[in-house]
file run21.txt (compact mmCIF, C-alpha atoms and all ligand atoms)
# COMPACT_ATOMS: atom_id res chain seq x y z
CA MET A 1 -5.84 -19.96 -14.31
CA ARG A 2 -7.61 -20.31 -10.99
CA VAL A 3 -6.42 -17.31 -8.97
CA LEU A 4 -7.08 -16.67 -5.30
CA VAL A 5 -6.70 -13.10 -4.00
CA VAL A 6 -6.18 -12.91 -0.22
CA GLY A 7 -7.61 -9.83 1.49
CA ASN A 8 -10.79 -7.79 1.77
CA GLY A 9 -9.94 -4.16 0.98
CA GLY A 10 -9.93 -1.80 -1.98
CA ARG A 11 -6.54 -3.07 -3.10
CA GLU A 12 -7.89 -6.61 -3.33
CA HIS A 13 -11.01 -5.49 -5.21
CA ALA A 14 -8.71 -3.74 -7.72
CA LEU A 15 -6.62 -6.94 -8.06
CA VAL A 16 -9.74 -9.05 -8.60
CA TRP A 17 -11.06 -6.50 -11.12
CA LYS A 18 -7.85 -6.48 -13.14
CA LEU A 19 -7.49 -10.27 -13.06
CA SER A 20 -11.07 -10.80 -14.20
CA GLN A 21 -10.57 -8.49 -17.22
CA SER A 22 -7.89 -10.75 -18.68
CA SER A 23 -8.58 -12.26 -22.08
CA SER A 24 -7.36 -15.54 -20.58
CA ASN A 25 -10.65 -15.91 -18.65
CA HIS A 26 -9.22 -16.59 -15.22
CA HIS A 27 -11.45 -18.02 -12.55
CA VAL A 28 -10.98 -15.60 -9.64
CA PHE A 29 -11.60 -16.19 -5.93
CA ALA A 30 -11.25 -13.85 -2.95
CA ALA A 31 -10.64 -14.72 0.71
CA ASN A 32 -12.57 -13.28 2.33
CA GLY A 33 -13.35 -10.45 -0.09
CA ASN A 34 -16.09 -7.82 0.19
CA ALA A 35 -19.34 -6.80 -1.53
CA GLY A 36 -17.32 -5.56 -4.53
CA THR A 37 -15.14 -8.64 -5.11
CA ARG A 38 -18.32 -10.71 -4.85
CA LEU A 39 -19.52 -9.24 -8.17
CA LEU A 40 -16.46 -10.53 -10.06
CA ALA A 41 -15.12 -13.42 -8.01
CA GLU A 42 -16.20 -16.16 -5.69
CA ASN A 43 -15.80 -14.98 -2.09
CA LEU A 44 -14.52 -17.70 0.26
CA PRO A 45 -15.33 -17.32 3.96
CA VAL A 46 -11.73 -17.53 5.21
CA LEU A 47 -9.97 -14.62 6.91
CA PRO A 48 -6.62 -13.46 5.43
CA THR A 49 -4.79 -14.18 8.72
CA ASP A 50 -6.10 -17.75 8.98
CA ILE A 51 -2.96 -19.29 7.49
CA GLU A 52 -4.08 -22.92 7.68
CA GLY A 53 -7.53 -21.95 6.40
CA ILE A 54 -6.09 -20.14 3.36
CA VAL A 55 -3.78 -23.06 2.49
CA ALA A 56 -6.72 -25.47 2.81
CA ALA A 57 -8.99 -23.25 0.68
CA ALA A 58 -6.30 -22.79 -2.00
CA THR A 59 -5.86 -26.58 -2.10
CA THR A 60 -9.59 -27.24 -2.29
CA ILE A 61 -10.14 -24.85 -5.21
CA ARG A 62 -6.96 -26.16 -6.91
CA SER A 63 -5.52 -22.68 -7.12
CA ASP A 64 -2.85 -22.07 -9.79
CA LEU A 65 -1.82 -18.83 -8.13
CA VAL A 66 -2.46 -17.10 -4.80
CA VAL A 67 -1.91 -13.33 -4.56
CA VAL A 68 -1.49 -12.05 -1.02
CA GLY A 69 -2.69 -8.45 -0.49
CA PRO A 70 -2.15 -7.40 3.15
CA GLU A 71 1.06 -7.20 5.17
CA VAL A 72 -0.06 -9.17 8.24
CA PRO A 73 -0.40 -12.59 6.55
CA LEU A 74 2.90 -11.95 4.69
CA ALA A 75 4.65 -11.24 8.00
CA MET A 76 3.03 -14.38 9.43
CA GLY A 77 4.56 -16.49 6.68
CA LEU A 78 1.51 -17.23 4.50
CA VAL A 79 3.60 -17.41 1.32
CA ASP A 80 6.04 -19.87 2.96
CA SER A 81 3.11 -22.10 3.97
CA LEU A 82 1.53 -21.97 0.51
CA LEU A 83 4.80 -22.74 -1.27
CA ALA A 84 5.47 -25.61 1.15
CA ALA A 85 2.08 -27.03 0.15
CA GLY A 86 3.07 -26.78 -3.53
CA ILE A 87 0.81 -23.81 -4.31
CA PRO A 88 2.34 -20.99 -6.39
CA ALA A 89 2.06 -17.86 -4.22
CA PHE A 90 2.83 -14.26 -5.09
CA GLY A 91 4.43 -12.23 -2.30
CA PRO A 92 7.59 -12.26 -0.21
CA SER A 93 8.45 -14.98 2.28
CA ARG A 94 8.24 -14.20 5.97
CA ALA A 95 12.01 -13.53 6.07
CA ALA A 96 11.79 -11.16 3.09
CA ALA A 97 8.64 -9.41 4.37
CA GLN A 98 10.70 -8.22 7.34
CA LEU A 99 11.57 -5.28 5.15
CA GLU A 100 8.12 -4.00 6.10
CA SER A 101 7.52 -5.76 9.41
CA SER A 102 10.68 -4.37 11.06
CA LYS A 103 11.70 -0.77 10.43
CA ALA A 104 14.97 -1.42 12.29
CA PHE A 105 15.74 -4.26 9.86
CA ALA A 106 14.93 -2.01 6.89
CA HIS A 107 17.24 0.73 8.19
CA ALA A 108 20.04 -1.72 8.91
CA ILE A 109 19.97 -3.16 5.41
CA MET A 110 19.72 0.29 3.78
CA ARG A 111 22.74 1.43 5.79
CA LYS A 112 24.74 -1.67 4.89
CA TYR A 113 24.03 -1.37 1.15
CA GLY A 114 24.16 2.42 0.83
CA ILE A 115 20.49 2.97 0.01
CA PRO A 116 19.53 6.60 0.81
CA ALA A 117 17.26 6.96 3.86
CA ALA A 118 16.72 9.29 6.82
CA GLU A 119 19.38 9.22 9.55
CA SER A 120 18.08 6.89 12.25
CA ARG A 121 18.82 5.20 15.58
CA GLU A 122 16.95 2.35 17.26
CA PHE A 123 16.19 1.79 20.93
CA THR A 124 14.49 -0.70 23.22
CA SER A 125 15.19 1.29 26.42
CA PHE A 126 12.98 4.28 27.18
CA ALA A 127 15.73 5.99 29.23
CA GLN A 128 18.27 5.66 26.41
CA ALA A 129 15.79 6.82 23.78
CA GLN A 130 14.84 9.80 25.94
CA ALA A 131 18.50 10.76 26.45
CA TYR A 132 19.13 10.57 22.70
CA VAL A 133 16.06 12.62 21.83
CA ALA A 134 17.20 15.35 24.24
CA THR A 135 20.22 15.93 21.95
CA LEU A 136 18.04 16.48 18.83
CA HIS A 137 16.17 19.44 17.35
CA PRO A 138 12.51 18.82 16.44
CA PRO A 139 10.68 18.03 14.29
CA LEU A 140 11.71 14.42 14.47
CA VAL A 141 10.01 11.12 13.77
CA VAL A 142 9.36 8.31 16.24
CA LYS A 143 8.33 4.96 14.74
CA ALA A 144 7.26 1.67 16.20
CA ASP A 145 9.52 -1.03 14.76
CA GLY A 146 6.75 -3.50 13.95
CA LEU A 147 3.45 -3.46 12.05
CA ALA A 148 0.99 -0.90 13.41
CA ALA A 149 -1.65 -0.59 10.66
CA GLY A 150 -0.19 2.70 9.39
CA LYS A 151 -0.46 4.37 12.81
CA GLY A 152 3.06 3.66 14.06
CA ALA A 153 4.85 6.79 12.75
CA ILE A 154 4.62 9.90 14.92
CA ILE A 155 5.93 13.23 13.63
CA ALA A 156 6.93 15.01 16.86
CA GLN A 157 6.97 18.81 16.63
CA SER A 158 8.54 19.19 20.08
CA LEU A 159 10.73 17.18 22.44
CA GLU A 160 7.67 16.71 24.69
CA GLU A 161 5.72 15.13 21.83
CA ALA A 162 8.66 12.86 21.07
CA GLU A 163 8.88 11.76 24.70
CA THR A 164 5.15 11.07 24.79
CA ALA A 165 5.45 8.93 21.68
CA LEU A 166 8.41 7.04 23.16
CA SER A 167 6.54 6.47 26.41
CA ASP A 168 3.41 5.32 24.54
CA MET A 169 5.44 2.77 22.62
CA LEU A 170 8.10 1.57 25.06
CA GLU A 171 6.35 1.99 28.43
CA ARG A 172 2.58 1.96 27.85
CA ARG A 173 2.95 -0.52 24.96
CA VAL A 174 0.01 0.95 22.98
CA PHE A 175 1.22 -0.95 19.89
CA GLY A 176 1.96 -4.13 21.86
CA ASP A 177 5.07 -6.04 20.70
CA ALA A 178 5.29 -3.83 17.60
CA GLY A 179 6.43 -0.92 19.79
CA ASP A 180 8.94 -2.76 22.00
CA ARG A 181 11.63 -1.42 19.71
CA VAL A 182 11.48 2.10 18.28
CA VAL A 183 13.29 3.89 15.49
CA ILE A 184 13.99 7.61 15.83
CA GLU A 185 14.39 9.26 12.45
CA GLU A 186 15.46 12.58 11.08
CA PHE A 187 12.46 14.50 9.68
CA LEU A 188 12.65 14.71 5.90
CA GLN A 189 11.02 17.46 3.88
CA GLY A 190 9.80 17.29 0.32
CA LYS A 191 7.13 15.61 -1.76
CA GLU A 192 6.12 12.01 -1.13
CA VAL A 193 5.69 9.45 -3.86
CA SER A 194 5.06 5.71 -3.89
CA LEU A 195 7.08 3.70 -6.39
CA LEU A 196 6.13 0.03 -6.57
CA ALA A 197 7.82 -2.64 -8.64
CA PHE A 198 7.26 -6.27 -9.54
CA THR A 199 10.26 -8.46 -8.81
CA ASP A 200 11.19 -12.11 -9.21
CA GLY A 201 14.07 -11.77 -6.75
CA ILE A 202 16.55 -10.59 -9.37
CA ARG A 203 14.87 -8.53 -12.08
CA VAL A 204 12.54 -5.61 -11.41
CA ALA A 205 9.73 -4.01 -13.42
CA PRO A 206 8.73 -0.64 -11.93
CA MET A 207 5.06 0.26 -11.95
CA VAL A 208 3.86 3.76 -12.73
CA PRO A 209 4.30 6.00 -9.64
CA ALA A 210 1.46 7.33 -7.51
CA CYS A 211 0.82 9.86 -4.74
CA ASP A 212 -1.22 8.89 -1.70
CA TYR A 213 -3.01 11.37 0.61
CA LYS A 214 -2.58 10.02 4.12
CA ARG A 215 -4.26 12.73 6.22
CA ALA A 216 -8.00 12.60 6.88
CA LEU A 217 -8.87 16.18 5.88
CA ASP A 218 -8.29 18.68 3.07
CA ASN A 219 -4.92 20.50 2.98
CA ASP A 220 -3.33 17.59 4.86
CA ALA A 221 -5.08 18.44 8.12
CA GLY A 222 -6.41 15.85 10.56
CA LEU A 223 -5.09 12.47 11.56
CA ASN A 224 -3.11 9.95 9.55
CA THR A 225 -5.30 7.34 7.84
CA GLY A 226 -4.76 4.32 5.64
CA GLY A 227 -5.03 6.71 2.65
CA MET A 228 -7.84 9.05 1.54
CA GLY A 229 -7.10 9.20 -2.16
CA CYS A 230 -4.42 8.75 -4.74
CA TYR A 231 -3.40 9.73 -8.25
CA SER A 232 -1.04 8.65 -10.97
CA PRO A 233 1.17 9.97 -12.52
CA PRO A 234 2.68 12.69 -10.31
CA GLY A 235 3.98 15.57 -12.47
CA PHE A 236 7.01 16.12 -10.24
CA PHE A 237 8.25 12.54 -10.57
CA GLY A 238 8.98 12.02 -14.24
CA GLN A 239 10.90 9.39 -16.20
CA ASP A 240 14.33 10.64 -15.05
CA LEU A 241 13.47 10.36 -11.38
CA ILE A 242 11.72 6.99 -11.87
CA GLN A 243 14.89 5.70 -13.49
CA ARG A 244 17.09 7.10 -10.72
CA ALA A 245 14.86 5.68 -7.99
CA THR A 246 14.90 2.31 -9.75
CA ASP A 247 18.70 2.37 -9.99
CA THR A 248 19.45 3.73 -6.50
CA VAL A 249 16.65 2.18 -4.42
CA ILE A 250 14.62 -0.59 -6.06
CA LYS A 251 17.37 -2.60 -7.74
CA PRO A 252 19.82 -2.24 -4.81
CA ILE A 253 17.27 -3.39 -2.21
CA VAL A 254 16.28 -6.45 -4.26
CA HIS A 255 19.97 -7.26 -4.72
CA ALA A 256 20.65 -6.69 -1.00
CA MET A 257 17.86 -9.04 0.05
CA LYS A 258 19.31 -11.77 -2.15
CA GLU A 259 22.78 -11.19 -0.73
CA GLU A 260 21.32 -11.52 2.77
CA GLY A 261 19.78 -14.88 1.94
CA ARG A 262 16.24 -13.48 1.97
CA GLU A 263 15.43 -13.47 -1.72
CA TYR A 264 12.55 -11.06 -2.26
CA ARG A 265 9.79 -11.97 -4.72
CA GLY A 266 6.55 -10.03 -5.06
CA VAL A 267 5.85 -6.32 -5.02
CA ILE A 268 8.49 -4.09 -3.52
CA TYR A 269 6.94 -0.78 -2.51
CA ALA A 270 9.23 2.18 -1.79
CA GLY A 271 7.75 5.22 -0.05
CA LEU A 272 10.08 8.00 -1.18
CA MET A 273 10.67 11.62 -0.21
CA ILE A 274 11.73 13.79 -3.14
CA ARG A 275 13.37 17.15 -2.61
CA ASP A 276 14.87 18.90 -5.63
CA ASP A 277 17.14 16.19 -6.95
CA SER A 278 17.43 14.07 -3.84
CA ILE A 279 15.57 10.79 -3.35
CA ARG A 280 15.33 9.21 0.11
CA VAL A 281 13.42 6.21 1.39
CA LEU A 282 10.71 6.78 4.03
CA GLU A 283 9.69 3.15 4.23
CA PHE A 284 9.48 -0.11 2.37
CA ASN A 285 6.28 -2.10 2.16
CA ALA A 286 6.22 -5.74 1.14
CA ARG A 287 3.03 -5.61 -0.94
CA PHE A 288 0.78 -3.57 -3.23
CA GLY A 289 -0.21 -0.20 -1.70
CA ASP A 290 -3.73 0.72 -0.75
CA PRO A 291 -5.03 2.98 -2.35
CA GLU A 292 -2.09 3.10 -4.82
CA THR A 293 -3.20 -0.15 -6.45
CA GLN A 294 -6.59 1.34 -7.28
CA VAL A 295 -4.99 4.04 -9.49
CA VAL A 296 -2.01 2.03 -10.76
CA LEU A 297 -3.65 -1.20 -12.00
CA PRO A 298 -6.14 0.58 -14.30
CA ARG A 299 -3.05 1.87 -16.13
CA LEU A 300 -1.57 -1.62 -16.63
CA GLU A 301 -1.89 -2.70 -20.23
CA SER A 302 -0.26 -6.14 -20.11
CA ASP A 303 -1.68 -9.23 -18.40
CA LEU A 304 -1.44 -9.03 -14.60
CA ALA A 305 -1.71 -12.76 -13.86
CA GLU A 306 1.10 -13.55 -16.29
CA THR A 307 3.39 -10.96 -14.65
CA LEU A 308 2.58 -12.24 -11.15
CA LEU A 309 3.19 -15.85 -12.14
CA SER A 310 6.48 -14.95 -13.85
CA CYS A 311 7.66 -13.37 -10.56
CA VAL A 312 6.71 -16.49 -8.61
CA GLN A 313 8.54 -18.67 -11.14
CA GLY A 314 11.66 -16.48 -11.25
CA ARG A 315 11.32 -15.54 -14.93
CA LEU A 316 10.07 -11.94 -14.93
CA ASP A 317 10.72 -10.20 -18.25
CA PRO A 318 10.45 -6.47 -17.46
CA THR A 319 10.05 -5.58 -21.15
CA THR A 320 6.66 -7.35 -21.22
CA VAL A 321 5.16 -5.16 -18.47
CA LYS A 322 3.39 -2.35 -20.34
CA TRP A 323 1.58 0.75 -19.10
CA LYS A 324 -1.04 3.04 -20.61
CA ASP A 325 -0.28 6.72 -21.08
CA GLN A 326 -3.31 7.74 -19.02
CA SER A 327 -4.07 9.49 -15.75
CA CYS A 328 -6.04 8.09 -12.85
CA VAL A 329 -7.50 9.83 -9.82
CA GLY A 330 -9.07 7.91 -6.93
CA VAL A 331 -11.16 9.47 -4.17
CA VAL A 332 -11.82 7.46 -1.02
CA LEU A 333 -15.28 7.68 0.54
CA ALA A 334 -14.91 7.07 4.28
CA SER A 335 -17.24 6.57 7.22
CA GLY A 336 -17.99 9.65 9.35
CA GLY A 337 -15.50 9.72 12.24
CA TYR A 338 -12.78 7.70 10.49
CA PRO A 339 -9.91 7.18 11.46
CA GLY A 340 -11.58 7.36 14.90
CA PRO A 341 -14.72 5.41 15.82
CA TYR A 342 -17.43 5.17 13.14
CA LYS A 343 -20.75 3.43 12.48
CA LYS A 344 -21.05 0.29 10.36
CA GLY A 345 -24.02 -1.29 8.59
CA LEU A 346 -25.25 1.86 6.80
CA PRO A 347 -26.89 1.35 3.40
CA ILE A 348 -24.98 2.80 0.42
CA SER A 349 -27.02 4.39 -2.36
CA GLY A 350 -26.20 5.50 -5.89
CA LEU A 351 -23.74 2.75 -6.83
CA ASP A 352 -25.77 1.93 -9.93
CA ALA A 353 -25.72 5.59 -11.03
CA VAL A 354 -21.95 5.59 -11.52
CA ASP A 355 -20.71 5.83 -15.13
CA LYS A 356 -19.58 2.55 -16.64
CA ASP A 357 -16.05 3.81 -17.34
CA VAL A 358 -15.54 4.90 -13.73
CA ALA A 359 -14.37 2.18 -11.34
CA VAL A 360 -15.77 1.95 -7.84
CA PHE A 361 -13.50 -0.22 -5.71
CA HIS A 362 -15.05 -1.50 -2.51
CA ALA A 363 -13.07 -1.58 0.73
CA GLY A 364 -15.23 -1.71 3.88
CA THR A 365 -18.47 -3.04 2.39
CA THR A 366 -20.60 -6.12 2.81
CA LEU A 367 -23.99 -7.35 1.75
CA GLY A 368 -26.92 -6.50 4.05
CA SER A 369 -29.16 -9.18 5.55
CA ASP A 370 -31.67 -8.66 2.69
CA GLY A 371 -29.03 -10.12 0.36
CA THR A 372 -29.17 -7.18 -2.06
CA THR A 373 -28.27 -3.91 -0.30
CA THR A 374 -24.58 -3.02 -0.04
CA ILE A 375 -23.84 -1.69 3.43
CA THR A 376 -20.81 -0.07 5.04
CA ASN A 377 -18.47 -2.34 6.98
CA GLY A 378 -15.30 -0.36 7.64
CA GLY A 379 -13.57 3.02 7.88
CA ARG A 380 -12.60 3.35 4.25
CA VAL A 381 -15.70 2.25 2.36
CA LEU A 382 -15.17 2.87 -1.36
CA ALA A 383 -12.71 4.41 -3.81
CA VAL A 384 -14.14 6.11 -6.90
CA VAL A 385 -11.52 6.09 -9.66
CA GLY A 386 -11.72 8.28 -12.76
CA THR A 387 -9.47 7.77 -15.78
CA GLY A 388 -8.63 10.31 -18.48
CA ASP A 389 -6.03 11.67 -20.85
CA THR A 390 -5.01 14.22 -18.23
CA ILE A 391 -5.08 14.40 -14.44
CA SER A 392 -7.60 17.21 -14.80
CA SER A 393 -10.10 15.12 -16.80
CA ALA A 394 -9.55 12.04 -14.60
CA ARG A 395 -10.17 14.17 -11.53
CA GLN A 396 -13.35 15.62 -13.02
CA ARG A 397 -14.62 12.11 -13.85
CA ALA A 398 -13.92 10.92 -10.31
CA TYR A 399 -15.57 13.82 -8.48
CA ASP A 400 -18.60 13.94 -10.84
CA ASN A 401 -19.29 10.34 -9.86
CA VAL A 402 -18.47 10.74 -6.16
CA ALA A 403 -21.44 13.13 -6.07
CA ARG A 404 -23.82 10.29 -7.07
CA VAL A 405 -22.90 7.96 -4.21
CA SER A 406 -23.98 8.47 -0.62
CA PHE A 407 -24.36 6.93 2.81
CA GLU A 408 -25.01 8.49 6.19
CA GLY A 409 -21.97 10.42 7.46
CA MET A 410 -19.94 9.88 4.25
CA MET A 411 -16.75 11.96 4.14
CA TYR A 412 -14.11 12.47 1.49
CA ARG A 413 -11.33 14.86 0.62
CA LYS A 414 -12.06 17.49 -2.04
CA ASP A 415 -8.41 18.13 -2.88
CA ILE A 416 -7.17 14.82 -4.29
CA ALA A 417 -4.79 15.62 -7.20
CA LEU A 418 -5.69 19.30 -6.92
CA ARG A 419 -2.02 20.31 -6.75
CA GLU A 420 -1.51 18.84 -10.21
CA VAL A 421 -4.17 21.02 -11.85
CA GLU A 422 -3.67 24.32 -10.04
P1 LIG B 501 5.60 5.16 7.58
O1 LIG B 501 4.68 4.40 8.50
O2 LIG B 501 7.04 4.94 7.83
O3 LIG B 501 5.20 5.05 6.16
O4 LIG B 501 5.29 6.70 7.87
C1 LIG B 501 3.99 7.22 7.66
C2 LIG B 501 4.09 8.63 7.12
O5 LIG B 501 4.81 9.46 8.02
C3 LIG B 501 4.84 8.73 5.80
O6 LIG B 501 4.03 8.47 4.71
C4 LIG B 501 5.31 10.18 5.84
O7 LIG B 501 4.25 11.05 5.46
C5 LIG B 501 5.59 10.40 7.29
N1 LIG B 501 7.02 10.12 7.57
C6 LIG B 501 7.56 8.94 7.90
N2 LIG B 501 8.89 9.05 8.08
C7 LIG B 501 9.20 10.33 7.89
C8 LIG B 501 10.42 11.08 7.92
N3 LIG B 501 11.59 10.51 8.25
N4 LIG B 501 10.36 12.40 7.62
C9 LIG B 501 9.18 12.98 7.31
N5 LIG B 501 8.01 12.34 7.27
C10 LIG B 501 8.01 11.03 7.54
N1 LIG B 502 -0.87 3.68 0.89
C1 LIG B 502 -0.01 3.32 1.93
C2 LIG B 502 0.15 1.88 2.13
O1 LIG B 502 -0.36 1.06 1.40
O2 LIG B 502 0.86 1.51 3.05
call {"tool": "encode", "arguments": {"input": "run21.txt", "output": "structure tokens"}}
result
Amino acid sequence: MRVLVVGNGGREHALVWKLSQSSSNHHVFAANGNAGTRLLAENLPVLPTDIEGIVAAATTIRSDLVVVGPEVPLAMGLVDSLLAAGIPAFGPSRAAAQLESSKAFAHAIMRKYGIPAAESREFTSFAQAQAYVATLHPPLVVKADGLAAGKGAIIAQSLEEAETALSDMLERRVFGDAGDRVVIEEFLQGKEVSLLAFTDGIRVAPMVPACDYKRALDNDAGLNTGGMGCYSPPGFFGQDLIQRATDTVIKPIVHAMKEEGREYRGVIYAGLMIRDDSIRVLEFNARFGDPETQVVLPRLESDLAETLLSCVQGRLDPTTVKWKDQSCVGVVLASGGYPGPYKKGLPISGLDAVDKDVAVFHAGTTLGSDGTTTITNGGRVLAVVGTGDTISSARQRAYDNVARVSFEGMMYRKDIALREVE
């Protein structure tokens, strides 16, 4: 198959990596890719949000399958445009991707179909939101309705913080249109887990679960980021809970979307809060997670392209999706200053010193002007992923290899998966 992966982050490098390992010898392309995808695929110089450009590129290369990584092109309707041009495309339609692109929509559908979530109310008026907040007891959560690159959820520890967040979104419009509507949510306590599943609109095949570390610094200090590391499997989320989450969240939401005339095909990603026996939804995403994908796909035993294509064609057979009984730990190496301002263009050394059985997924990287040096090109630069029989050995493999890679200002968390080995 000729497969085009749309995106340029660590998630897309992991997709390209998995696709190019297939015994079926797929020809893999990336648009626009990074210095890592370039080693395994042909990078095409088309940005993921250039909808017409992606459709034209997919047509030119006679793509048998396009896999869309990021949420923005999904919300823009890239899959609709590809399908209209007769190109098989993996990912939800624009109408289905609203599950991620509007938190108010997601809450409304969860309420209607009895899917467990935080209590919530939505507002477009600052005065009304402010009056409602004054009746609550913090902490509480204020979220921009639309896409905000992972920065749109504010955990307010006081009523003042909640008001500031509301004013930022509804009055100062710091998130633009995305913050013209806000959702105010009850604060949930517990442990967070990401459960992703493949779906063809009817059937679902859950992936192995993973835990993402969203804060920039050790012990969950610092600002929220796109994700500083990840591991799979989480010890606290075993087979029983996976089954319950599949039955009470994943299957019902896929069914609900079909009932609503927005059939959902692609990856459904549930961000869940687990407390004792209770499972509640924090958010839905309409795509593979980043960095979840980097620790989940190495554990996939069956053929990825075949599963993706079966979802697109409405013939997913969940029994054919097989996972390895292994552990994976991924540590993100980020630019100094991230998630605030950071430098770009710094040379990365030590990539060739990494063990062959340790995967280094590139995110913000590109090739320097000399055509050989890999240089930094983003906030999250690389993810070093160790695999082992236990979380402890996978973690050791990852950190041993992290120590061999460096660039000026490099930062990373030292506590990824630590809670599983303590
Ligand atoms: P979201 O953008 O909805 O994924 O939220 C980003 C992060 O904020 C989540 O991964 C959680 O860590 C936290 N969060 C979101 N909603 C809640 C909630 N209702 N209660 C507690 N934490 C939350
Ligand atoms: N890891 C969080 C996300 O992909 O949204």
call {"tool": "residues_around", "arguments": {"input": "run21.txt", "residues": "range 99-105 of chain A", "least_positions_apart": "2", "cutoff": "7 Å", "atoms": "only C-alpha atoms", "output": "list of chain:residue names"}}
result
A:Ala75, A:Ala96, A:Ala97, A:His107, A:Ala108, A:Ile109, A:Glu122, A:Asp145, A:Gly146, A:Leu147, A:Val183, A:Phe284, A:Asn285, A:Ala286
call {"tool": "closest_residue", "arguments": {"input": "run21.txt", "among": "A:Pro298, A:Gly179, A:Asp317, A:Met169", "to": "Arg203 in chain A", "atoms": "all atoms listed in the file"}}
result
A:Asp317
call {"tool": "residues_around", "arguments": {"input": "run21.txt", "residues": "Asn43 in chain A", "least_positions_apart": "3", "cutoff": "9 Å", "atoms": "only C-alpha atoms", "output": "PDB file with C-alpha atoms, in the coordinates of the input"}}
result
ATOM      1  CA  VAL A  28     -10.980 -15.600  -9.640  1.00  0.00           C
ATOM      2  CA  PHE A  29     -11.600 -16.190  -5.930  1.00  0.00           C
ATOM      3  CA  ALA A  30     -11.250 -13.850  -2.950  1.00  0.00           C
ATOM      4  CA  ALA A  31     -10.640 -14.720   0.710  1.00  0.00           C
ATOM      5  CA  ASN A  32     -12.570 -13.280   2.330  1.00  0.00           C
ATOM      6  CA  GLY A  33     -13.350 -10.450  -0.090  1.00  0.00           C
ATOM      7  CA  ASN A  34     -16.090  -7.820   0.190  1.00  0.00           C
ATOM      8  CA  ALA A  35     -19.340  -6.800  -1.530  1.00  0.00           C
ATOM      9  CA  THR A  37     -15.140  -8.640  -5.110  1.00  0.00           C
ATOM     10  CA  ARG A  38     -18.320 -10.710  -4.850  1.00  0.00           C
ATOM     11  CA  VAL A  46     -11.730 -17.530   5.210  1.00  0.00           C
TER      12      VAL A  46
END
call {"tool": "residues_near_ligand", "arguments": {"input": "run21.txt", "ligand": "ligand LIG 501 (chain B)", "cutoff": "6 Å", "atoms": "all atoms listed in the file", "output": "ChimeraX atom specification"}}
result
/A:118,141,150,152-153,185-189,282-283
call {"tool": "write_last_selection", "arguments": {"input": "run21.txt", "atoms": "C-alpha atoms", "output": "PDB file, keeping the file's coordinate frame"}}
result
ATOM      1  CA  ALA A 118      16.720   9.290   6.820  1.00  0.00           C
ATOM      2  CA  VAL A 141      10.010  11.120  13.770  1.00  0.00           C
ATOM      3  CA  GLY A 150      -0.190   2.700   9.390  1.00  0.00           C
ATOM      4  CA  GLY A 152       3.060   3.660  14.060  1.00  0.00           C
ATOM      5  CA  ALA A 153       4.850   6.790  12.750  1.00  0.00           C
ATOM      6  CA  GLU A 185      14.390   9.260  12.450  1.00  0.00           C
ATOM      7  CA  GLU A 186      15.460  12.580  11.080  1.00  0.00           C
ATOM      8  CA  PHE A 187      12.460  14.500   9.680  1.00  0.00           C
ATOM      9  CA  LEU A 188      12.650  14.710   5.900  1.00  0.00           C
ATOM     10  CA  GLN A 189      11.020  17.460   3.880  1.00  0.00           C
ATOM     11  CA  LEU A 282      10.710   6.780   4.030  1.00  0.00           C
ATOM     12  CA  GLU A 283       9.690   3.150   4.230  1.00  0.00           C
TER      13      GLU A 283
END
call {"tool": "atom_distance", "arguments": {"input": "run21.txt", "atom1": "CA of Val6 in chain A", "atom2": "CA of Leu308 in chain A"}}
result
14.0 Å
call {"tool": "closest_residue", "arguments": {"input": "run21.txt", "among": "A:Asn401, A:Thr225, A:Ser158, A:Ser335", "to": "ligand LIG 502 (chain B)", "atoms": "all atoms listed in the file"}}
result
A:Thr225
call {"tool": "build_atoms", "arguments": {"input": "run21.txt", "residues": "range 83-88 of chain A", "atoms": "N, CA, C and O atoms", "output": "mmCIF file, in the coordinates of the input"}}
result
data_model
loop_
_atom_site.group_PDB
_atom_site.id
_atom_site.type_symbol
_atom_site.label_atom_id
_atom_site.label_comp_id
_atom_site.auth_asym_id
_atom_site.auth_seq_id
_atom_site.Cartn_x
_atom_site.Cartn_y
_atom_site.Cartn_z
ATOM 1 N N LEU A 83 3.769 -22.129 -0.431
ATOM 2 C CA LEU A 83 4.800 -22.740 -1.270
ATOM 3 C C LEU A 83 5.141 -24.144 -0.758
ATOM 4 O O LEU A 83 5.322 -25.075 -1.543
ATOM 5 N N ALA A 84 5.170 -24.293 0.573
ATOM 6 C CA ALA A 84 5.470 -25.610 1.150
ATOM 7 C C ALA A 84 4.396 -26.621 0.771
ATOM 8 O O ALA A 84 4.673 -27.823 0.656
ATOM 9 N N ALA A 85 3.165 -26.130 0.545
ATOM 10 C CA ALA A 85 2.080 -27.030 0.150
ATOM 11 C C ALA A 85 2.017 -27.189 -1.373
ATOM 12 O O ALA A 85 1.077 -27.781 -1.911
ATOM 13 N N GLY A 86 3.013 -26.614 -2.074
ATOM 14 C CA GLY A 86 3.070 -26.780 -3.530
ATOM 15 C C GLY A 86 2.174 -25.822 -4.292
ATOM 16 O O GLY A 86 1.889 -26.050 -5.478
ATOM 17 N N ILE A 87 1.724 -24.765 -3.650
ATOM 18 C CA ILE A 87 0.810 -23.810 -4.310
ATOM 19 C C ILE A 87 1.589 -22.550 -4.685
ATOM 20 O O ILE A 87 2.166 -21.896 -3.811
ATOM 21 N N PRO A 88 1.630 -22.208 -5.980
ATOM 22 C CA PRO A 88 2.340 -20.990 -6.390
ATOM 23 C C PRO A 88 1.727 -19.773 -5.681
ATOM 24 O O PRO A 88 0.511 -19.579 -5.714
#
